[in-house]
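Trainee: I'm passing along protein-v2.cif; it holds mmCIF, N, CA, C and O atoms.
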```cif
data_work
loop_
_atom_site.label_atom_id
_atom_site.label_comp_id
_atom_site.auth_asym_id
_atom_site.auth_seq_id
_atom_site.Cartn_x
_atom_site.Cartn_y
_atom_site.Cartn_z
N MET N 1 0.84 -1.19 0.00
CA MET N 1 0.00 0.00 0.00
C MET N 1 0.88 1.24 0.00
O MET N 1 2.03 1.21 0.42
N ASP N 2 0.30 2.32 -0.43
CA ASP N 2 1.03 3.58 -0.54
C ASP N 2 0.65 4.50 0.62
O ASP N 2 -0.18 5.39 0.49
N VAL N 3 1.25 4.26 1.77
CA VAL N 3 0.98 5.05 2.97
C VAL N 3 1.79 6.33 2.88
O VAL N 3 2.97 6.32 2.51
N THR N 4 1.18 7.44 3.22
CA THR N 4 1.88 8.73 3.11
C THR N 4 3.00 8.84 4.14
O THR N 4 2.96 8.20 5.20
N VAL N 5 3.98 9.65 3.80
CA VAL N 5 5.10 9.90 4.71
C VAL N 5 4.59 10.53 6.00
O VAL N 5 5.04 10.16 7.09
N GLU N 6 3.63 11.43 5.89
CA GLU N 6 3.08 12.10 7.07
C GLU N 6 2.43 11.09 8.02
O GLU N 6 2.61 11.18 9.23
N LEU N 7 1.67 10.15 7.45
CA LEU N 7 1.02 9.14 8.28
C LEU N 7 2.07 8.26 8.96
O LEU N 7 1.99 8.01 10.16
N ARG N 8 3.06 7.81 8.21
CA ARG N 8 4.12 6.99 8.79
C ARG N 8 4.83 7.72 9.93
O ARG N 8 5.08 7.14 10.98
N GLU N 9 5.15 8.98 9.71
CA GLU N 9 5.84 9.77 10.74
C GLU N 9 4.96 9.95 11.97
O GLU N 9 5.44 9.85 13.10
N HIS N 10 3.69 10.22 11.76
CA HIS N 10 2.75 10.39 12.87
C HIS N 10 2.66 9.11 13.71
O HIS N 10 2.74 9.15 14.94
N VAL N 11 2.52 7.98 13.02
CA VAL N 11 2.38 6.71 13.73
C VAL N 11 3.70 6.35 14.42
O VAL N 11 3.69 5.90 15.57
N LEU N 12 4.83 6.58 13.77
CA LEU N 12 6.12 6.29 14.40
C LEU N 12 6.31 7.14 15.65
O LEU N 12 6.75 6.64 16.69
N THR N 13 5.94 8.39 15.58
CA THR N 13 6.03 9.26 16.76
C THR N 13 5.15 8.73 17.88
O THR N 13 5.58 8.68 19.04
N SER N 14 3.95 8.30 17.55
CA SER N 14 3.05 7.73 18.56
C SER N 14 3.63 6.47 19.18
O SER N 14 3.57 6.28 20.39
N VAL N 15 4.18 5.60 18.33
CA VAL N 15 4.77 4.35 18.83
C VAL N 15 5.93 4.65 19.77
O VAL N 15 6.01 4.10 20.88
N LEU N 16 6.83 5.53 19.36
CA LEU N 16 8.00 5.84 20.20
C LEU N 16 7.61 6.57 21.48
O LEU N 16 8.16 6.28 22.55
N ASP N 17 6.68 7.51 21.38
CA ASP N 17 6.22 8.23 22.58
C ASP N 17 5.54 7.27 23.56
O ASP N 17 5.76 7.35 24.77
N THR N 18 4.71 6.38 23.03
CA THR N 18 4.01 5.42 23.89
C THR N 18 4.99 4.43 24.50
O THR N 18 4.91 4.11 25.69
N ALA N 19 5.95 3.95 23.71
CA ALA N 19 6.97 3.04 24.22
C ALA N 19 7.77 3.71 25.34
O ALA N 19 8.06 3.09 26.37
N HIS N 20 8.09 4.98 25.14
CA HIS N 20 8.81 5.73 26.17
C HIS N 20 7.98 5.83 27.43
O HIS N 20 8.47 5.65 28.56
N SER N 21 6.70 6.11 27.27
CA SER N 21 5.80 6.22 28.41
C SER N 21 5.69 4.90 29.18
O SER N 21 5.70 4.88 30.41
N VAL N 22 5.59 3.80 28.45
CA VAL N 22 5.45 2.48 29.08
C VAL N 22 6.76 2.03 29.71
O VAL N 22 6.78 1.52 30.82
N TYR N 23 7.88 2.25 29.00
CA TYR N 23 9.16 1.70 29.43
C TYR N 23 9.96 2.66 30.29
O TYR N 23 10.85 2.24 31.04
N GLY N 24 9.70 3.95 30.17
CA GLY N 24 10.37 4.93 31.02
C GLY N 24 11.70 5.45 30.50
O GLY N 24 12.42 6.13 31.22
N GLN N 25 12.02 5.14 29.24
CA GLN N 25 13.24 5.70 28.66
C GLN N 25 13.08 5.81 27.15
O GLN N 25 12.23 5.15 26.56
N GLU N 26 13.90 6.67 26.55
CA GLU N 26 13.88 6.86 25.11
C GLU N 26 14.34 5.58 24.43
O GLU N 26 15.25 4.91 24.90
N LEU N 27 13.69 5.25 23.32
CA LEU N 27 14.03 4.04 22.57
C LEU N 27 14.19 4.40 21.10
O LEU N 27 13.44 5.22 20.57
N ALA N 28 15.16 3.78 20.45
CA ALA N 28 15.42 4.04 19.04
C ALA N 28 14.40 3.30 18.17
O ALA N 28 13.98 2.19 18.51
N ALA N 29 14.06 3.90 17.06
CA ALA N 29 13.09 3.31 16.15
C ALA N 29 13.57 1.99 15.58
O ALA N 29 12.76 1.12 15.26
N GLU N 30 14.87 1.80 15.47
CA GLU N 30 15.43 0.61 14.84
C GLU N 30 15.50 -0.61 15.76
O GLU N 30 15.79 -1.71 15.31
N ILE N 31 15.26 -0.43 17.05
CA ILE N 31 15.35 -1.53 18.01
C ILE N 31 14.03 -2.28 18.05
O ILE N 31 12.96 -1.67 18.01
N ASP N 32 14.12 -3.61 18.16
CA ASP N 32 12.87 -4.35 18.29
C ASP N 32 12.43 -4.34 19.75
O ASP N 32 13.26 -4.23 20.66
N PRO N 33 11.13 -4.41 19.99
CA PRO N 33 10.61 -4.31 21.36
C PRO N 33 11.19 -5.34 22.33
O PRO N 33 11.46 -5.02 23.49
N ILE N 34 11.41 -6.56 21.88
CA ILE N 34 11.92 -7.60 22.78
C ILE N 34 13.35 -7.29 23.19
O ILE N 34 13.70 -7.38 24.38
N THR N 35 14.19 -6.91 22.24
CA THR N 35 15.58 -6.53 22.56
C THR N 35 15.61 -5.33 23.49
O THR N 35 16.48 -5.22 24.36
N ALA N 36 14.64 -4.43 23.32
CA ALA N 36 14.57 -3.24 24.18
C ALA N 36 14.16 -3.59 25.60
O ALA N 36 14.28 -2.77 26.50
N GLY N 37 13.68 -4.82 25.81
CA GLY N 37 13.31 -5.24 27.15
C GLY N 37 11.83 -5.33 27.42
O GLY N 37 11.41 -5.52 28.56
N PHE N 38 11.02 -5.19 26.39
CA PHE N 38 9.58 -5.28 26.59
C PHE N 38 9.19 -6.74 26.84
O PHE N 38 9.37 -7.60 25.98
N ASP N 39 8.66 -6.99 28.03
CA ASP N 39 8.12 -8.31 28.33
C ASP N 39 6.66 -8.34 27.90
O ASP N 39 6.16 -7.39 27.29
N SER N 40 5.95 -9.40 28.22
CA SER N 40 4.57 -9.52 27.77
C SER N 40 3.67 -8.45 28.38
O SER N 40 2.77 -7.94 27.70
N ILE N 41 3.91 -8.08 29.62
CA ILE N 41 3.07 -7.05 30.25
C ILE N 41 3.30 -5.69 29.61
O ILE N 41 2.35 -4.99 29.26
N ALA N 42 4.56 -5.30 29.42
CA ALA N 42 4.86 -4.02 28.79
C ALA N 42 4.37 -4.00 27.34
O ALA N 42 3.85 -2.99 26.87
N SER N 43 4.51 -5.12 26.65
CA SER N 43 4.05 -5.21 25.26
C SER N 43 2.54 -5.09 25.17
O SER N 43 2.01 -4.44 24.27
N LEU N 44 1.84 -5.70 26.11
CA LEU N 44 0.38 -5.59 26.14
C LEU N 44 -0.05 -4.16 26.44
O LEU N 44 -0.99 -3.65 25.82
N GLN N 45 0.65 -3.49 27.34
CA GLN N 45 0.35 -2.08 27.63
C GLN N 45 0.58 -1.23 26.38
O GLN N 45 -0.24 -0.37 26.05
N LEU N 46 1.70 -1.46 25.71
CA LEU N 46 2.01 -0.72 24.50
C LEU N 46 0.91 -0.93 23.46
O LEU N 46 0.39 0.04 22.89
N ALA N 47 0.54 -2.17 23.20
CA ALA N 47 -0.49 -2.47 22.22
C ALA N 47 -1.82 -1.83 22.58
O ALA N 47 -2.49 -1.25 21.73
N SER N 48 -2.19 -1.89 23.83
CA SER N 48 -3.46 -1.35 24.29
C SER N 48 -3.53 0.17 24.11
O SER N 48 -4.51 0.71 23.60
N VAL N 49 -2.48 0.85 24.52
CA VAL N 49 -2.46 2.31 24.41
C VAL N 49 -2.44 2.72 22.94
O VAL N 49 -3.15 3.65 22.53
N LEU N 50 -1.64 2.04 22.12
CA LEU N 50 -1.58 2.38 20.70
C LEU N 50 -2.93 2.15 20.02
O LEU N 50 -3.36 2.96 19.20
N GLU N 51 -3.59 1.06 20.37
CA GLU N 51 -4.90 0.78 19.80
C GLU N 51 -5.89 1.89 20.13
O GLU N 51 -6.62 2.36 19.26
N GLU N 52 -5.88 2.32 21.37
CA GLU N 52 -6.79 3.40 21.78
C GLU N 52 -6.40 4.73 21.14
O GLU N 52 -7.25 5.45 20.63
N GLU N 53 -5.12 5.03 21.14
CA GLU N 53 -4.65 6.32 20.62
C GLU N 53 -4.82 6.44 19.11
O GLU N 53 -5.20 7.50 18.61
N LEU N 54 -4.54 5.35 18.39
CA LEU N 54 -4.56 5.42 16.93
C LEU N 54 -5.88 4.95 16.32
O LEU N 54 -6.12 5.15 15.13
N GLY N 55 -6.71 4.28 17.14
CA GLY N 55 -7.99 3.83 16.64
C GLY N 55 -7.90 2.68 15.65
O GLY N 55 -8.73 2.56 14.76
N VAL N 56 -6.89 1.84 15.82
CA VAL N 56 -6.68 0.70 14.93
C VAL N 56 -6.25 -0.49 15.77
O VAL N 56 -5.65 -0.32 16.83
N ASP N 57 -6.57 -1.70 15.32
CA ASP N 57 -6.16 -2.89 16.06
C ASP N 57 -4.65 -2.96 16.21
O ASP N 57 -3.92 -2.77 15.24
N CYS N 58 -4.21 -3.24 17.42
CA CYS N 58 -2.81 -3.49 17.71
C CYS N 58 -2.78 -4.60 18.75
O CYS N 58 -3.31 -4.43 19.85
N THR N 59 -2.20 -5.72 18.39
CA THR N 59 -2.23 -6.88 19.26
C THR N 59 -0.87 -7.14 19.90
O THR N 59 0.16 -6.60 19.46
N LEU N 60 -0.88 -7.99 20.89
CA LEU N 60 0.36 -8.43 21.52
C LEU N 60 1.27 -9.08 20.48
O LEU N 60 2.47 -8.85 20.47
N GLU N 61 0.68 -9.84 19.58
CA GLU N 61 1.45 -10.49 18.52
C GLU N 61 2.11 -9.46 17.60
O GLU N 61 3.22 -9.68 17.13
N ASP N 62 1.41 -8.36 17.34
CA ASP N 62 2.01 -7.30 16.51
C ASP N 62 3.30 -6.79 17.14
O ASP N 62 4.30 -6.58 16.45
N VAL N 63 3.27 -6.59 18.44
CA VAL N 63 4.45 -6.09 19.15
C VAL N 63 5.55 -7.14 19.13
O VAL N 63 6.71 -6.85 18.81
N PHE N 64 5.21 -8.38 19.46
CA PHE N 64 6.22 -9.46 19.49
C PHE N 64 6.80 -9.74 18.11
O PHE N 64 7.97 -10.10 17.99
N ASP N 65 5.98 -9.63 17.06
CA ASP N 65 6.44 -9.94 15.71
C ASP N 65 7.19 -8.79 15.04
O ASP N 65 7.81 -8.99 14.00
N ALA N 66 7.13 -7.61 15.62
CA ALA N 66 7.77 -6.44 15.00
C ALA N 66 9.29 -6.59 15.00
O ALA N 66 9.89 -6.93 16.01
N SER N 67 9.88 -6.30 13.86
CA SER N 67 11.34 -6.35 13.76
C SER N 67 11.97 -5.12 14.40
O SER N 67 13.16 -5.11 14.70
N SER N 68 11.15 -4.09 14.61
CA SER N 68 11.60 -2.85 15.24
C SER N 68 10.36 -2.03 15.59
O SER N 68 9.25 -2.34 15.15
N PHE N 69 10.58 -0.96 16.36
CA PHE N 69 9.46 -0.06 16.63
C PHE N 69 8.99 0.59 15.33
O PHE N 69 7.81 0.81 15.13
N ALA N 70 9.94 0.88 14.44
CA ALA N 70 9.57 1.43 13.13
C ALA N 70 8.74 0.43 12.33
O ALA N 70 7.78 0.82 11.65
N GLY N 71 9.08 -0.84 12.42
CA GLY N 71 8.30 -1.87 11.74
C GLY N 71 6.89 -1.97 12.28
O GLY N 71 5.92 -2.15 11.53
N LEU N 72 6.76 -1.85 13.60
CA LEU N 72 5.43 -1.84 14.22
C LEU N 72 4.65 -0.63 13.72
O LEU N 72 3.46 -0.75 13.38
N ALA N 73 5.30 0.51 13.66
CA ALA N 73 4.64 1.72 13.16
C ALA N 73 4.19 1.54 11.72
O ALA N 73 3.07 1.96 11.35
N ASP N 74 5.00 0.91 10.88
CA ASP N 74 4.61 0.67 9.49
C ASP N 74 3.37 -0.22 9.41
O ASP N 74 2.46 0.06 8.63
N THR N 75 3.34 -1.27 10.21
CA THR N 75 2.19 -2.17 10.24
C THR N 75 0.92 -1.40 10.61
O THR N 75 -0.12 -1.53 9.96
N LEU N 76 1.02 -0.58 11.65
CA LEU N 76 -0.15 0.17 12.10
C LEU N 76 -0.56 1.24 11.10
O LEU N 76 -1.75 1.46 10.87
N ALA N 77 0.41 1.89 10.47
CA ALA N 77 0.11 2.91 9.46
C ALA N 77 -0.62 2.28 8.27
O ALA N 77 -1.55 2.87 7.73
N GLU N 78 -0.19 1.09 7.88
CA GLU N 78 -0.87 0.40 6.78
C GLU N 78 -2.31 0.06 7.15
O GLU N 78 -3.21 0.17 6.32
N ARG N 79 -2.53 -0.33 8.40
CA ARG N 79 -3.91 -0.62 8.84
C ARG N 79 -4.77 0.63 8.85
O ARG N 79 -5.94 0.60 8.47
N ILE N 80 -4.19 1.73 9.32
CA ILE N 80 -4.94 3.00 9.34
C ILE N 80 -5.29 3.40 7.91
O ILE N 80 -6.42 3.80 7.62
N ASP N 81 -4.31 3.29 7.02
CA ASP N 81 -4.54 3.67 5.62
C ASP N 81 -5.62 2.80 5.00
O ASP N 81 -6.52 3.29 4.32
N ALA N 82 -5.56 1.49 5.24
CA ALA N 82 -6.55 0.56 4.68
C ALA N 82 -7.95 0.87 5.22
O ALA N 82 -8.93 0.78 4.48
N ALA N 83 -8.04 1.21 6.49
CA ALA N 83 -9.34 1.49 7.11
C ALA N 83 -9.96 2.79 6.57
O ALA N 83 -11.17 2.94 6.59
N SER N 84 -9.10 3.68 6.09
CA SER N 84 -9.62 4.97 5.60
C SER N 84 -10.08 4.90 4.15
O SER N 84 -10.64 5.86 3.64
N ARG N 85 -9.85 3.78 3.51
CA ARG N 85 -10.24 3.65 2.09
C ARG N 85 -11.66 3.16 1.94
O ARG N 85 -12.25 2.53 2.65
#
```
How does the structure come out when it is put into structure tokens?
Mentor:
Amino acid sequence: MDVTVELREHVLTSVLDTAHSVYGQELAAEIDPITAGFDSIASLQLASVLEEELGVDCTLEDVFDASSFAGLADTLAERIDAASR
């Protein structure tokens, strides 16, 4: 899909801000959540807040399967784009 740069940036900012809020420290977009130290509870919190904030499904599996926070943001941006069509 052809997701706009603005949408990708917005979602990535939301993912990183939410991850920071849940984990308590700044995290790089290129790091995957598991390597960053997100356990199942933190991952579930991240997914729940992102789902509410962005208005799109975000599951525990999405967080665990993400190759990076940027990858998670791409997945969510694609869902937002698809839902708006």
Trainee: Would you please work out which residue, of N:Val11, N:Val49, N:Leu16, N:Ala83, is nearest to Pro33 of chain N when using only C-alpha atoms?
Mentor: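 Closest to Pro33 of chain N of all the choices is N:Leu16.
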Trainee: Skip segment 21-25 of chain N itself and residues of its chain fewer than 6 positions away, then list as a VMD selection string all residues within 8 Å of it, counting only N, CA, C and O atoms.
Mentor: chain N and resid 14 to 15 36 to 38 42 45 to 46
Trainee: Go through the shown structure with the PyMOL selection byres (((chain N and resi 60 and name CA) around 10) and name CA) and write out the matching residues as a PyMOL selection string.
Mentor: chain N and resi 40-48+58-59+61-65
Trainee: Once you have the residues from the selection above, write them out as a PDB file, keeping the file's coordinate frame, restricted to N, CA, C and O atoms.
Mentor:
```pdb
ATOM      1  N   SER N  40       5.950  -9.400  28.220  1.00  0.00           N
ATOM      2  CA  SER N  40       4.570  -9.520  27.770  1.00  0.00           C
ATOM      3  C   SER N  40       3.670  -8.450  28.380  1.00  0.00           C
ATOM      4  O   SER N  40       2.770  -7.940  27.700  1.00  0.00           O
ATOM      5  N   ILE N  41       3.910  -8.080  29.620  1.00  0.00           N
ATOM      6  CA  ILE N  41       3.070  -7.050  30.250  1.00  0.00           C
ATOM      7  C   ILE N  41       3.300  -5.690  29.610  1.00  0.00           C
ATOM      8  O   ILE N  41       2.350  -4.990  29.260  1.00  0.00           O
ATOM      9  N   ALA N  42       4.560  -5.300  29.420  1.00  0.00           N
ATOM     10  CA  ALA N  42       4.860  -4.020  28.790  1.00  0.00           C
ATOM     11  C   ALA N  42       4.370  -4.000  27.340  1.00  0.00           C
ATOM     12  O   ALA N  42       3.850  -2.990  26.870  1.00  0.00           O
ATOM     13  N   SER N  43       4.510  -5.120  26.650  1.00  0.00           N
ATOM     14  CA  SER N  43       4.050  -5.210  25.260  1.00  0.00           C
ATOM     15  C   SER N  43       2.540  -5.090  25.170  1.00  0.00           C
ATOM     16  O   SER N  43       2.010  -4.440  24.270  1.00  0.00           O
ATOM     17  N   LEU N  44       1.840  -5.700  26.110  1.00  0.00           N
ATOM     18  CA  LEU N  44       0.380  -5.590  26.140  1.00  0.00           C
ATOM     19  C   LEU N  44      -0.050  -4.160  26.440  1.00  0.00           C
ATOM     20  O   LEU N  44      -0.990  -3.650  25.820  1.00  0.00           O
ATOM     21  N   GLN N  45       0.650  -3.490  27.340  1.00  0.00           N
ATOM     22  CA  GLN N  45       0.350  -2.080  27.630  1.00  0.00           C
ATOM     23  C   GLN N  45       0.580  -1.230  26.380  1.00  0.00           C
ATOM     24  O   GLN N  45      -0.240  -0.370  26.050  1.00  0.00           O
ATOM     25  N   LEU N  46       1.700  -1.460  25.710  1.00  0.00           N
ATOM     26  CA  LEU N  46       2.010  -0.720  24.500  1.00  0.00           C
ATOM     27  C   LEU N  46       0.910  -0.930  23.460  1.00  0.00           C
ATOM     28  O   LEU N  46       0.390   0.040  22.890  1.00  0.00           O
ATOM     29  N   ALA N  47       0.540  -2.170  23.200  1.00  0.00           N
ATOM     30  CA  ALA N  47      -0.490  -2.470  22.220  1.00  0.00           C
ATOM     31  C   ALA N  47      -1.820  -1.830  22.580  1.00  0.00           C
ATOM     32  O   ALA N  47      -2.490  -1.250  21.730  1.00  0.00           O
ATOM     33  N   SER N  48      -2.190  -1.890  23.830  1.00  0.00           N
ATOM     34  CA  SER N  48      -3.460  -1.350  24.290  1.00  0.00           C
ATOM     35  C   SER N  48      -3.530   0.170  24.110  1.00  0.00           C
ATOM     36  O   SER N  48      -4.510   0.710  23.600  1.00  0.00           O
ATOM     37  N   CYS N  58      -4.210  -3.240  17.420  1.00  0.00           N
ATOM     38  CA  CYS N  58      -2.810  -3.490  17.710  1.00  0.00           C
ATOM     39  C   CYS N  58      -2.780  -4.600  18.750  1.00  0.00           C
ATOM     40  O   CYS N  58      -3.310  -4.430  19.850  1.00  0.00           O
ATOM     41  N   THR N  59      -2.200  -5.720  18.390  1.00  0.00           N
ATOM     42  CA  THR N  59      -2.230  -6.880  19.260  1.00  0.00           C
ATOM     43  C   THR N  59      -0.870  -7.140  19.900  1.00  0.00           C
ATOM     44  O   THR N  59       0.160  -6.600  19.460  1.00  0.00           O
ATOM     45  N   GLU N  61       0.680  -9.840  19.580  1.00  0.00           N
ATOM     46  CA  GLU N  61       1.450 -10.490  18.520  1.00  0.00           C
ATOM     47  C   GLU N  61       2.110  -9.460  17.600  1.00  0.00           C
ATOM     48  O   GLU N  61       3.220  -9.680  17.130  1.00  0.00           O
ATOM     49  N   ASP N  62       1.410  -8.360  17.340  1.00  0.00           N
ATOM     50  CA  ASP N  62       2.010  -7.300  16.510  1.00  0.00           C
ATOM     51  C   ASP N  62       3.300  -6.790  17.140  1.00  0.00           C
ATOM     52  O   ASP N  62       4.300  -6.580  16.450  1.00  0.00           O
ATOM     53  N   VAL N  63       3.270  -6.590  18.440  1.00  0.00           N
ATOM     54  CA  VAL N  63       4.450  -6.090  19.150  1.00  0.00           C
ATOM     55  C   VAL N  63       5.550  -7.140  19.130  1.00  0.00           C
ATOM     56  O   VAL N  63       6.710  -6.850  18.810  1.00  0.00           O
ATOM     57  N   PHE N  64       5.210  -8.380  19.460  1.00  0.00           N
ATOM     58  CA  PHE N  64       6.220  -9.460  19.490  1.00  0.00           C
ATOM     59  C   PHE N  64       6.800  -9.740  18.110  1.00  0.00           C
ATOM     60  O   PHE N  64       7.970 -10.100  17.990  1.00  0.00           O
ATOM     61  N   ASP N  65       5.980  -9.630  17.060  1.00  0.00           N
ATOM     62  CA  ASP N  65       6.440  -9.940  15.710  1.00  0.00           C
ATOM     63  C   ASP N  65       7.190  -8.790  15.040  1.00  0.00           C
ATOM     64  O   ASP N  65       7.810  -8.990  14.000  1.00  0.00           O
TER      65      ASP N  65
END
```
Trainee: Quick check, in Å to one decimal: how far apart do atom CA of Ile34 of chain N and atom CA of Thr13 of chain N lie?
Mentor: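 Pair atom CA of Ile34 of chain N / atom CA of Thr13 of chain N returns 18.8 Å.
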Trainee: DSSP on the backbone: which residues in chain N end up as helix (DSSP H, G or I)? Give the answer as a PyMOL selection string.
Mentor: chain N and resi 5-23+40-54+60-65+69-83
Trainee: Pick out the closest residue to Ile80 of chain N from this set: N:Glu6, N:Leu54, N:Ser68, N:Leu12. Count only C-alpha atoms.
Mentor: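 Selected residue with least distance to Ile80 of chain N: N:Leu54.
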Trainee: So which residues get picked by the PyMOL selection byres (((chain N and resi 28 and name CA) around 9) and name CA) here, written as an NGL selection string?
Mentor: :N and (16 or 26-27 or 29-32 or 36 or 68-70)
Trainee: Could you save those same residues with N, CA, C and O atoms as a PDB file, in the frame of the given file?
Mentor:
```pdb
ATOM      1  N   LEU N  16       6.830   5.530  19.360  1.00  0.00           N
ATOM      2  CA  LEU N  16       8.000   5.840  20.200  1.00  0.00           C
ATOM      3  C   LEU N  16       7.610   6.570  21.480  1.00  0.00           C
ATOM      4  O   LEU N  16       8.160   6.280  22.550  1.00  0.00           O
ATOM      5  N   GLU N  26      13.900   6.670  26.550  1.00  0.00           N
ATOM      6  CA  GLU N  26      13.880   6.860  25.110  1.00  0.00           C
ATOM      7  C   GLU N  26      14.340   5.580  24.430  1.00  0.00           C
ATOM      8  O   GLU N  26      15.250   4.910  24.900  1.00  0.00           O
ATOM      9  N   LEU N  27      13.690   5.250  23.320  1.00  0.00           N
ATOM     10  CA  LEU N  27      14.030   4.040  22.570  1.00  0.00           C
ATOM     11  C   LEU N  27      14.190   4.400  21.100  1.00  0.00           C
ATOM     12  O   LEU N  27      13.440   5.220  20.570  1.00  0.00           O
ATOM     13  N   ALA N  29      14.060   3.900  17.060  1.00  0.00           N
ATOM     14  CA  ALA N  29      13.090   3.310  16.150  1.00  0.00           C
ATOM     15  C   ALA N  29      13.570   1.990  15.580  1.00  0.00           C
ATOM     16  O   ALA N  29      12.760   1.120  15.260  1.00  0.00           O
ATOM     17  N   GLU N  30      14.870   1.800  15.470  1.00  0.00           N
ATOM     18  CA  GLU N  30      15.430   0.610  14.840  1.00  0.00           C
ATOM     19  C   GLU N  30      15.500  -0.610  15.760  1.00  0.00           C
ATOM     20  O   GLU N  30      15.790  -1.710  15.310  1.00  0.00           O
ATOM     21  N   ILE N  31      15.260  -0.430  17.050  1.00  0.00           N
ATOM     22  CA  ILE N  31      15.350  -1.530  18.010  1.00  0.00           C
ATOM     23  C   ILE N  31      14.030  -2.280  18.050  1.00  0.00           C
ATOM     24  O   ILE N  31      12.960  -1.670  18.010  1.00  0.00           O
ATOM     25  N   ASP N  32      14.120  -3.610  18.160  1.00  0.00           N
ATOM     26  CA  ASP N  32      12.870  -4.350  18.290  1.00  0.00           C
ATOM     27  C   ASP N  32      12.430  -4.340  19.750  1.00  0.00           C
ATOM     28  O   ASP N  32      13.260  -4.230  20.660  1.00  0.00           O
ATOM     29  N   ALA N  36      14.640  -4.430  23.320  1.00  0.00           N
ATOM     30  CA  ALA N  36      14.570  -3.240  24.180  1.00  0.00           C
ATOM     31  C   ALA N  36      14.160  -3.590  25.600  1.00  0.00           C
ATOM     32  O   ALA N  36      14.280  -2.770  26.500  1.00  0.00           O
ATOM     33  N   SER N  68      11.150  -4.090  14.610  1.00  0.00           N
ATOM     34  CA  SER N  68      11.600  -2.850  15.240  1.00  0.00           C
ATOM     35  C   SER N  68      10.360  -2.030  15.590  1.00  0.00           C
ATOM     36  O   SER N  68       9.250  -2.340  15.150  1.00  0.00           O
ATOM     37  N   PHE N  69      10.580  -0.960  16.360  1.00  0.00           N
ATOM     38  CA  PHE N  69       9.460  -0.060  16.630  1.00  0.00           C
ATOM     39  C   PHE N  69       8.990   0.590  15.330  1.00  0.00           C
ATOM     40  O   PHE N  69       7.810   0.810  15.130  1.00  0.00           O
ATOM     41  N   ALA N  70       9.940   0.880  14.440  1.00  0.00           N
ATOM     42  CA  ALA N  70       9.570   1.430  13.130  1.00  0.00           C
ATOM     43  C   ALA N  70       8.740   0.430  12.330  1.00  0.00           C
ATOM     44  O   ALA N  70       7.780   0.820  11.650  1.00  0.00           O
TER      45      ALA N  70
END
```
Trainee: Between N:Leu50, N:Leu7, N:Ala66, N:Val56, which residue has the minimum interatomic distance to Thr35 of chain N, considering all atoms listed in the file?
Mentor: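 Closest to Thr35 of chain N of all the choices is N:Ala66.
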Trainee: Could you work out how far atom CA of Glu52 of chain N lies from atom CA of Leu76 of chain N, giving the answer in Å with one decimal?
Mentor: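 Atom-to-atom, atom CA of Leu76 of chain N and atom CA of Glu52 of chain N are spaced 12.2 Å apart.
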Trainee: At what distance in Å, to one decimal, does atom CA of Gly71 of chain N lie from atom CA of Thr4 of chain N?
Mentor: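 Separating atom CA of Thr4 of chain N from atom CA of Gly71 of chain N is a distance of 15.1 Å.
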Trainee: Here is a test: counting only N, CA, C and O atoms, which residue of N:Asp39, N:Ala19, N:Arg8, N:Gly55 is nearest to Ala73 of chain N?
Mentor: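 Ranking N:Asp39, N:Ala19, N:Arg8, N:Gly55 by distance to Ala73 of chain N, first place goes to N:Arg8.
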